[in-house]
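J.: Supplied structure: entry03.cif, mmCIF, C-alpha atoms and all ligand atoms.
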data_input
#
loop_
_atom_site.group_PDB
_atom_site.id
_atom_site.type_symbol
_atom_site.label_atom_id
_atom_site.label_comp_id
_atom_site.auth_asym_id
_atom_site.auth_seq_id
_atom_site.Cartn_x
_atom_site.Cartn_y
_atom_site.Cartn_z
ATOM 1 C CA MET C 1 16.007 54.626 -18.838
ATOM 2 C CA GLU C 2 18.869 54.523 -21.332
ATOM 3 C CA ALA C 3 18.797 57.037 -24.173
ATOM 4 C CA LEU C 4 17.322 55.593 -27.365
ATOM 5 C CA ALA C 5 19.802 54.864 -30.146
ATOM 6 C CA PRO C 6 19.675 57.318 -33.059
ATOM 7 C CA LEU C 7 17.880 56.022 -36.129
ATOM 8 C CA SER C 8 20.094 54.123 -38.543
ATOM 9 C CA ALA C 9 19.845 53.624 -42.290
ATOM 10 C CA GLN C 10 19.279 49.881 -41.652
ATOM 11 C CA TYR C 11 16.305 50.662 -39.396
ATOM 12 C CA ALA C 12 14.826 53.067 -41.944
ATOM 13 C CA GLN C 13 15.169 50.381 -44.594
ATOM 14 C CA ALA C 14 13.743 47.655 -42.344
ATOM 15 C CA ILE C 15 10.566 49.543 -41.449
ATOM 16 C CA THR C 16 9.882 50.631 -45.000
ATOM 17 C CA SER C 17 10.217 47.154 -46.477
ATOM 18 C CA SER C 18 7.963 44.156 -45.923
ATOM 19 C CA ALA C 19 10.834 41.687 -45.493
ATOM 20 C CA PRO C 20 11.405 40.372 -41.943
ATOM 21 C CA SER C 21 14.321 42.013 -40.169
ATOM 22 C CA ASP C 22 16.576 41.043 -37.284
ATOM 23 C CA ASP C 23 17.846 44.612 -36.864
ATOM 24 C CA PRO C 24 18.099 45.326 -33.109
ATOM 25 C CA ALA C 25 16.459 48.716 -33.703
ATOM 26 C CA VAL C 26 13.343 46.944 -34.992
ATOM 27 C CA ALA C 27 13.320 44.882 -31.786
ATOM 28 C CA LEU C 28 13.610 48.157 -29.817
ATOM 29 C CA SER C 29 10.716 49.619 -31.786
ATOM 30 C CA GLU C 30 8.637 46.505 -31.033
ATOM 31 C CA HIS C 31 9.516 46.797 -27.346
ATOM 32 C CA LEU C 32 8.459 50.474 -27.220
ATOM 33 C CA LEU C 33 5.266 49.693 -29.141
ATOM 34 C CA GLY C 34 4.548 46.852 -26.706
ATOM 35 C CA GLU C 35 4.873 49.298 -23.785
ATOM 36 C CA LEU C 36 2.559 51.749 -25.520
ATOM 37 C CA GLU C 37 -0.018 49.070 -26.379
ATOM 38 C CA ALA C 38 0.006 47.763 -22.795
ATOM 39 C CA CYS C 39 -0.475 51.080 -20.998
ATOM 40 C CA ASP C 40 -3.876 52.358 -19.876
ATOM 41 C CA GLY C 41 -2.652 55.948 -19.827
ATOM 42 C CA LEU C 42 0.392 57.790 -21.065
ATOM 43 C CA LEU C 43 2.138 60.546 -19.113
ATOM 44 C CA ILE C 44 4.513 62.664 -21.188
ATOM 45 C CA SER C 45 6.612 65.187 -19.287
ATOM 46 C CA THR C 46 8.614 67.244 -21.730
ATOM 47 C CA PRO C 47 10.449 70.525 -22.161
ATOM 48 C CA MET C 48 9.834 72.668 -25.231
ATOM 49 C CA HIS C 49 13.008 72.853 -27.310
ATOM 50 C CA ASN C 50 13.139 75.427 -30.071
ATOM 51 C CA PHE C 51 9.346 75.737 -30.254
ATOM 52 C CA ALA C 52 8.847 71.981 -30.675
ATOM 53 C CA VAL C 53 9.353 68.590 -29.025
ATOM 54 C CA PRO C 54 12.921 67.847 -27.853
ATOM 55 C CA ALA C 55 15.004 65.437 -29.930
ATOM 56 C CA ALA C 56 14.620 62.620 -27.373
ATOM 57 C CA LEU C 57 10.818 62.699 -27.603
ATOM 58 C CA LYS C 58 10.946 62.967 -31.392
ATOM 59 C CA LEU C 59 13.133 59.854 -31.438
ATOM 60 C CA TRP C 60 10.598 57.917 -29.337
ATOM 61 C CA ILE C 61 7.885 58.993 -31.807
ATOM 62 C CA ASP C 62 10.051 57.811 -34.713
ATOM 63 C CA TYR C 63 10.246 54.380 -33.063
ATOM 64 C CA VAL C 64 6.521 53.998 -32.331
ATOM 65 C CA LEU C 65 4.836 55.780 -35.254
ATOM 66 C CA ARG C 66 5.218 52.984 -37.774
ATOM 67 C CA LYS C 67 3.235 52.064 -40.852
ATOM 68 C CA GLY C 68 1.593 48.673 -40.442
ATOM 69 C CA ARG C 69 2.168 48.660 -36.663
ATOM 70 C CA SER C 70 0.636 51.779 -35.153
ATOM 71 C CA PHE C 71 -1.119 53.110 -38.258
ATOM 72 C CA ALA C 72 -2.345 51.801 -41.596
ATOM 73 C CA VAL C 73 -2.424 53.643 -44.882
ATOM 74 C CA LYS C 74 -5.861 53.631 -46.544
ATOM 75 C CA PRO C 75 -7.032 55.381 -49.719
ATOM 76 C CA ASP C 76 -8.425 58.249 -47.612
ATOM 77 C CA GLY C 77 -5.316 58.629 -45.469
ATOM 78 C CA LYS C 78 -3.733 57.140 -42.358
ATOM 79 C CA VAL C 79 -5.813 55.202 -39.839
ATOM 80 C CA GLY C 80 -4.667 54.632 -36.250
ATOM 81 C CA LEU C 81 -4.232 51.028 -35.117
ATOM 82 C CA LEU C 82 -3.807 51.645 -31.388
ATOM 83 C CA ARG C 83 -6.582 51.792 -28.793
ATOM 84 C CA ASP C 84 -7.362 55.306 -27.607
ATOM 85 C CA ARG C 85 -6.331 56.062 -24.009
ATOM 86 C CA PRO C 86 -5.853 59.138 -21.839
ATOM 87 C CA VAL C 87 -2.643 61.069 -22.359
ATOM 88 C CA LEU C 88 -1.456 63.842 -20.075
ATOM 89 C CA VAL C 89 1.314 66.062 -21.461
ATOM 90 C CA LEU C 90 3.178 68.330 -19.034
ATOM 91 C CA VAL C 91 5.081 70.975 -21.002
ATOM 92 C CA ARG C 92 7.918 72.974 -19.424
ATOM 93 C CA SER C 93 9.129 76.010 -21.314
ATOM 94 C CA GLY C 94 11.324 79.005 -20.583
ATOM 95 C CA SER C 95 8.475 81.416 -21.293
ATOM 96 C CA PRO C 96 4.776 81.060 -22.123
ATOM 97 C CA CYS C 97 4.114 79.194 -25.358
ATOM 98 C CA VAL C 98 0.303 79.315 -25.402
ATOM 99 C CA GLY C 99 -2.320 81.927 -24.525
ATOM 100 C CA ASP C 100 -2.245 85.721 -24.635
ATOM 101 C CA ALA C 101 1.159 85.936 -22.940
ATOM 102 C CA ALA C 102 2.886 83.752 -25.571
ATOM 103 C CA ARG C 103 5.513 85.587 -27.615
ATOM 104 C CA GLN C 104 6.657 82.497 -29.509
ATOM 105 C CA PRO C 105 5.066 79.918 -31.810
ATOM 106 C CA ASP C 106 4.079 76.538 -30.416
ATOM 107 C CA PHE C 107 4.774 73.664 -32.825
ATOM 108 C CA LEU C 108 4.971 71.169 -29.950
ATOM 109 C CA THR C 109 1.224 70.983 -29.249
ATOM 110 C CA PRO C 110 -0.087 70.525 -32.817
ATOM 111 C CA TYR C 111 2.759 68.157 -33.680
ATOM 112 C CA LEU C 112 2.217 65.898 -30.672
ATOM 113 C CA LEU C 113 -1.574 65.955 -31.148
ATOM 114 C CA HIS C 114 -1.162 64.928 -34.761
ATOM 115 C CA ALA C 115 1.471 62.228 -34.121
ATOM 116 C CA LEU C 116 -0.682 60.634 -31.404
ATOM 117 C CA SER C 117 -3.894 60.909 -33.429
ATOM 118 C CA VAL C 118 -2.303 59.151 -36.413
ATOM 119 C CA MET C 119 -1.824 56.157 -34.087
ATOM 120 C CA GLY C 120 -5.445 56.364 -32.880
ATOM 121 C CA ILE C 121 -4.812 58.251 -29.632
ATOM 122 C CA HIS C 122 -7.069 61.294 -29.335
ATOM 123 C CA ASN C 123 -7.776 61.716 -25.616
ATOM 124 C CA VAL C 124 -4.927 64.138 -24.943
ATOM 125 C CA GLN C 125 -4.708 66.864 -22.327
ATOM 126 C CA PHE C 126 -1.921 69.467 -22.089
ATOM 127 C CA VAL C 127 -0.744 71.382 -19.040
ATOM 128 C CA TYR C 128 1.819 74.157 -19.583
ATOM 129 C CA LEU C 129 4.401 75.138 -16.985
ATOM 130 C CA PRO C 130 6.355 78.119 -18.298
ATOM 131 C CA GLY C 131 9.118 80.065 -16.573
ATOM 132 C CA LEU C 132 11.585 79.372 -13.815
ATOM 133 C CA SER C 133 8.904 79.219 -11.123
ATOM 134 C CA PRO C 134 5.509 78.161 -12.426
ATOM 135 C CA THR C 135 2.613 80.161 -10.959
ATOM 136 C CA THR C 136 0.422 78.823 -8.180
ATOM 137 C CA GLU C 137 -2.378 78.576 -10.744
ATOM 138 C CA ALA C 138 -0.235 76.462 -13.115
ATOM 139 C CA LEU C 139 0.812 74.176 -10.252
ATOM 140 C CA ALA C 140 -2.810 73.778 -9.120
ATOM 141 C CA GLN C 141 -3.803 72.959 -12.701
ATOM 142 C CA THR C 142 -1.014 70.365 -12.870
ATOM 143 C CA ARG C 143 -2.096 68.807 -9.567
ATOM 144 C CA HIS C 144 -5.716 68.598 -10.737
ATOM 145 C CA ALA C 145 -4.727 67.138 -14.122
ATOM 146 C CA LEU C 146 -2.412 64.581 -12.481
ATOM 147 C CA ILE C 147 -5.071 63.468 -9.996
ATOM 148 C CA SER C 148 -7.713 63.068 -12.689
ATOM 149 C CA PHE C 149 -5.208 61.238 -14.897
ATOM 150 C CA LEU C 150 -3.996 58.856 -12.158
ATOM 151 C CA VAL C 151 -7.293 58.366 -10.312
ATOM 152 C CA PRO C 152 -10.095 59.311 -12.719
ATOM 153 C CA SER C 153 -12.834 57.929 -10.450
ATOM 154 C CA ARG C 154 -11.876 60.427 -7.697
ATOM 155 C CA LEU C 155 -13.266 63.259 -9.772
ATOM 156 C CA THR C 156 -16.362 61.468 -10.998
ATOM 157 C CA GLY C 157 -17.198 60.375 -7.456
ATOM 158 C CA ASP C 158 -17.143 56.634 -8.219
ATOM 159 C CA ARG C 159 -14.869 56.017 -5.292
ATOM 160 C CA PRO C 160 -15.276 57.167 -1.682
HETATM 161 C C1 LIG G 1 17.981 73.521 -26.583
HETATM 162 C C2 LIG G 1 16.912 74.254 -25.824
HETATM 163 C C3 LIG G 1 15.911 74.882 -26.535
HETATM 164 C C4 LIG G 1 14.902 75.569 -25.851
HETATM 165 N N1 LIG G 1 13.905 76.144 -26.558
HETATM 166 C C5 LIG G 1 12.909 76.773 -25.898
HETATM 167 C C6 LIG G 1 11.838 77.353 -26.627
HETATM 168 O O1 LIG G 1 11.730 77.304 -27.841
HETATM 169 N N2 LIG G 1 10.875 78.000 -25.920
HETATM 170 C C7 LIG G 1 10.913 78.102 -24.547
HETATM 171 O O2 LIG G 1 10.018 78.708 -23.969
HETATM 172 N N3 LIG G 1 11.898 77.515 -23.844
HETATM 173 C C8 LIG G 1 12.898 76.867 -24.481
HETATM 174 N N4 LIG G 1 13.903 76.280 -23.776
HETATM 175 C C9 LIG G 1 13.829 76.311 -22.310
HETATM 176 C C10 LIG G 1 13.326 74.995 -21.781
HETATM 177 O O3 LIG G 1 12.044 74.655 -22.264
HETATM 178 C C11 LIG G 1 13.290 75.092 -20.266
HETATM 179 O O4 LIG G 1 14.544 75.500 -19.839
HETATM 180 C C12 LIG G 1 13.014 73.779 -19.675
HETATM 181 O O5 LIG G 1 11.725 73.385 -19.988
HETATM 182 C C13 LIG G 1 13.192 73.873 -18.159
HETATM 183 O O6 LIG G 1 12.802 72.648 -17.656
HETATM 184 P P1 LIG G 1 13.256 72.167 -16.206
HETATM 185 O O7 LIG G 1 13.312 73.378 -15.327
HETATM 186 O O8 LIG G 1 12.185 71.207 -15.844
HETATM 187 O O9 LIG G 1 14.580 71.546 -16.422
HETATM 188 C C14 LIG G 1 14.921 75.612 -24.429
HETATM 189 C C15 LIG G 1 15.933 74.971 -23.726
HETATM 190 C C16 LIG G 1 16.917 74.291 -24.411
HETATM 191 C C17 LIG G 1 17.993 73.604 -23.617
#
Could you rewrite the structure in this file as structure tokens?
T.:
Amino acid sequence: MEALAPLSAQYAQAITSSAPSDDPAVALSEHLLGELEACDGLLISTPMHNFAVPAALKLWIDYVLRKGRSFAVKPDGKVGLLRDRPVLVLVRSGSPCVGDAARQPDFLTPYLLHALSVMGIHNVQFVYLPGLSPTTEALAQTRHALISFLVPSRLTGDRP
């Protein structure tokens, strides 16, 4: 897939005003939102960059996390407008970013959880793959998470 265009001032203005816009970036945002609305599950495979999500993933979030489209603003706060669905996030990092072995902060996990929850998506699972060669345990965990994400009925025994 082509890299997403950086956000422009016109786009920022278009999504914060109620007037209709023919800005191509708004059309791109609608396209990405359409993909998100249509999917039954979302697989995010991402590196950690400087303790957080990489710029490319942040840009995708900036295109889909939109007032009036994926969330509404109510007196008590923001309310998600998208249907909940399973999300599997595979996180690659140079060294551990969660657990006892972590020697760095992890802003990626809470940020992504919050961004998705604002849109109404809460069913999120993370698998972490740190280091040059992920451990056998991490790979087994990834395999298990991928199978249950792709074929949920295999684990619940619904299917032979
Ligand atoms: C700009 C940049 C920032 C990075 N920041 C971190 C970081 O904060 N923590 C970390 O553990 N690894 C960091 N890394 C390492 C990457 O997460 C790691 O190299 C990458 O996930 C390896 O993925 P790959 O082997 O699938 O290409 C960074 C890498 C780059 C290029």
J.: Output as CSV one row per residue of stretch 23-50 of chain C within 10 Å of stretch 66-72 of chain C: the closest atom pair and its distance in Å to one decimal place, counting all atoms listed in the file, sorted by chain and residue number ascending.
T.:
residue,atom,partner,partner_atom,distance
C:Ser29,CA,C:Arg66,CA,8.8
C:Glu30,CA,C:Arg69,CA,8.8
C:Leu33,CA,C:Ser70,CA,7.9
C:Leu36,CA,C:Ser70,CA,9.8
C:Glu37,CA,C:Ser70,CA,9.2
J.: Suppose you want the space between atom CA of C:Lys78 and atom CA of C:Ala115; what is it in Å?
T.: 11.0 Å
J.: How would you write, as an MDAnalysis selection string, the residues chosen by the PyMOL selection byres (((not hetatm)) within 10 of (chain G and resi 1)) on this structure?
T.: chainID C and resid 45:55 90:98 102:108 128:134
J.: Which residue gives the smallest distance to C:Phe126 among C:Leu82, C:Leu65, C:Ile147, C:Ile44, with all atoms listed in the file counted?
T.: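 Checking each of C:Leu82, C:Leu65, C:Ile147, C:Ile44 against C:Phe126, counting all atoms listed in the file, the winner is C:Ile44.
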J.: Nearest to C:Met119 among C:Asp22, C:Asp76, C:Asp84, C:Asp40, with distances taken over all atoms listed in the file: which residue is it?
T.: C:Asp84
J.: Can you pull out every residue within 8 Å of C:Asn123, counting only C-alpha atoms, but drop anything in the same chain fewer than 6 positions away, and send it as a list in words?
T.: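 Answer for this query is Asp84, Arg85, Pro86 and Val87 of chain C.
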J.: Rounded to one decimal place, report the atom CA of C:Leu116-atom CA of C:Thr135 distance in Å.
T.: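 If I compute the distance from atom CA of C:Leu116 to atom CA of C:Thr135, I get 28.5 Å.
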J.: How many Å separate atom CA of C:Leu150 from atom CA of C:Leu43?
T.: 9.4 Å
J.: Report as a PDB file with C-alpha atoms, in the coordinates of the input the residues that result from applying the PyMOL selection byres (((chain C and resi 28) around 12) and not hetatm) to the structure here.
T.:
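Output file result-v1.pdb follows:
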ATOM      1  CA  GLU C   2      18.869  54.523 -21.332  1.00  0.00           C
ATOM      2  CA  ALA C   3      18.797  57.037 -24.173  1.00  0.00           C
ATOM      3  CA  LEU C   4      17.322  55.593 -27.365  1.00  0.00           C
ATOM      4  CA  ALA C   5      19.802  54.864 -30.146  1.00  0.00           C
ATOM      5  CA  PRO C   6      19.675  57.318 -33.059  1.00  0.00           C
ATOM      6  CA  LEU C   7      17.880  56.022 -36.129  1.00  0.00           C
ATOM      7  CA  TYR C  11      16.305  50.662 -39.396  1.00  0.00           C
ATOM      8  CA  ASP C  22      16.576  41.043 -37.284  1.00  0.00           C
ATOM      9  CA  ASP C  23      17.846  44.612 -36.864  1.00  0.00           C
ATOM     10  CA  PRO C  24      18.099  45.326 -33.109  1.00  0.00           C
ATOM     11  CA  ALA C  25      16.459  48.716 -33.703  1.00  0.00           C
ATOM     12  CA  VAL C  26      13.343  46.944 -34.992  1.00  0.00           C
ATOM     13  CA  ALA C  27      13.320  44.882 -31.786  1.00  0.00           C
ATOM     14  CA  SER C  29      10.716  49.619 -31.786  1.00  0.00           C
ATOM     15  CA  GLU C  30       8.637  46.505 -31.033  1.00  0.00           C
ATOM     16  CA  HIS C  31       9.516  46.797 -27.346  1.00  0.00           C
ATOM     17  CA  LEU C  32       8.459  50.474 -27.220  1.00  0.00           C
ATOM     18  CA  LEU C  33       5.266  49.693 -29.141  1.00  0.00           C
ATOM     19  CA  GLY C  34       4.548  46.852 -26.706  1.00  0.00           C
ATOM     20  CA  GLU C  35       4.873  49.298 -23.785  1.00  0.00           C
ATOM     21  CA  LEU C  59      13.133  59.854 -31.438  1.00  0.00           C
ATOM     22  CA  TRP C  60      10.598  57.917 -29.337  1.00  0.00           C
ATOM     23  CA  ASP C  62      10.051  57.811 -34.713  1.00  0.00           C
ATOM     24  CA  TYR C  63      10.246  54.380 -33.063  1.00  0.00           C
ATOM     25  CA  VAL C  64       6.521  53.998 -32.331  1.00  0.00           C
TER      26      VAL C  64
END
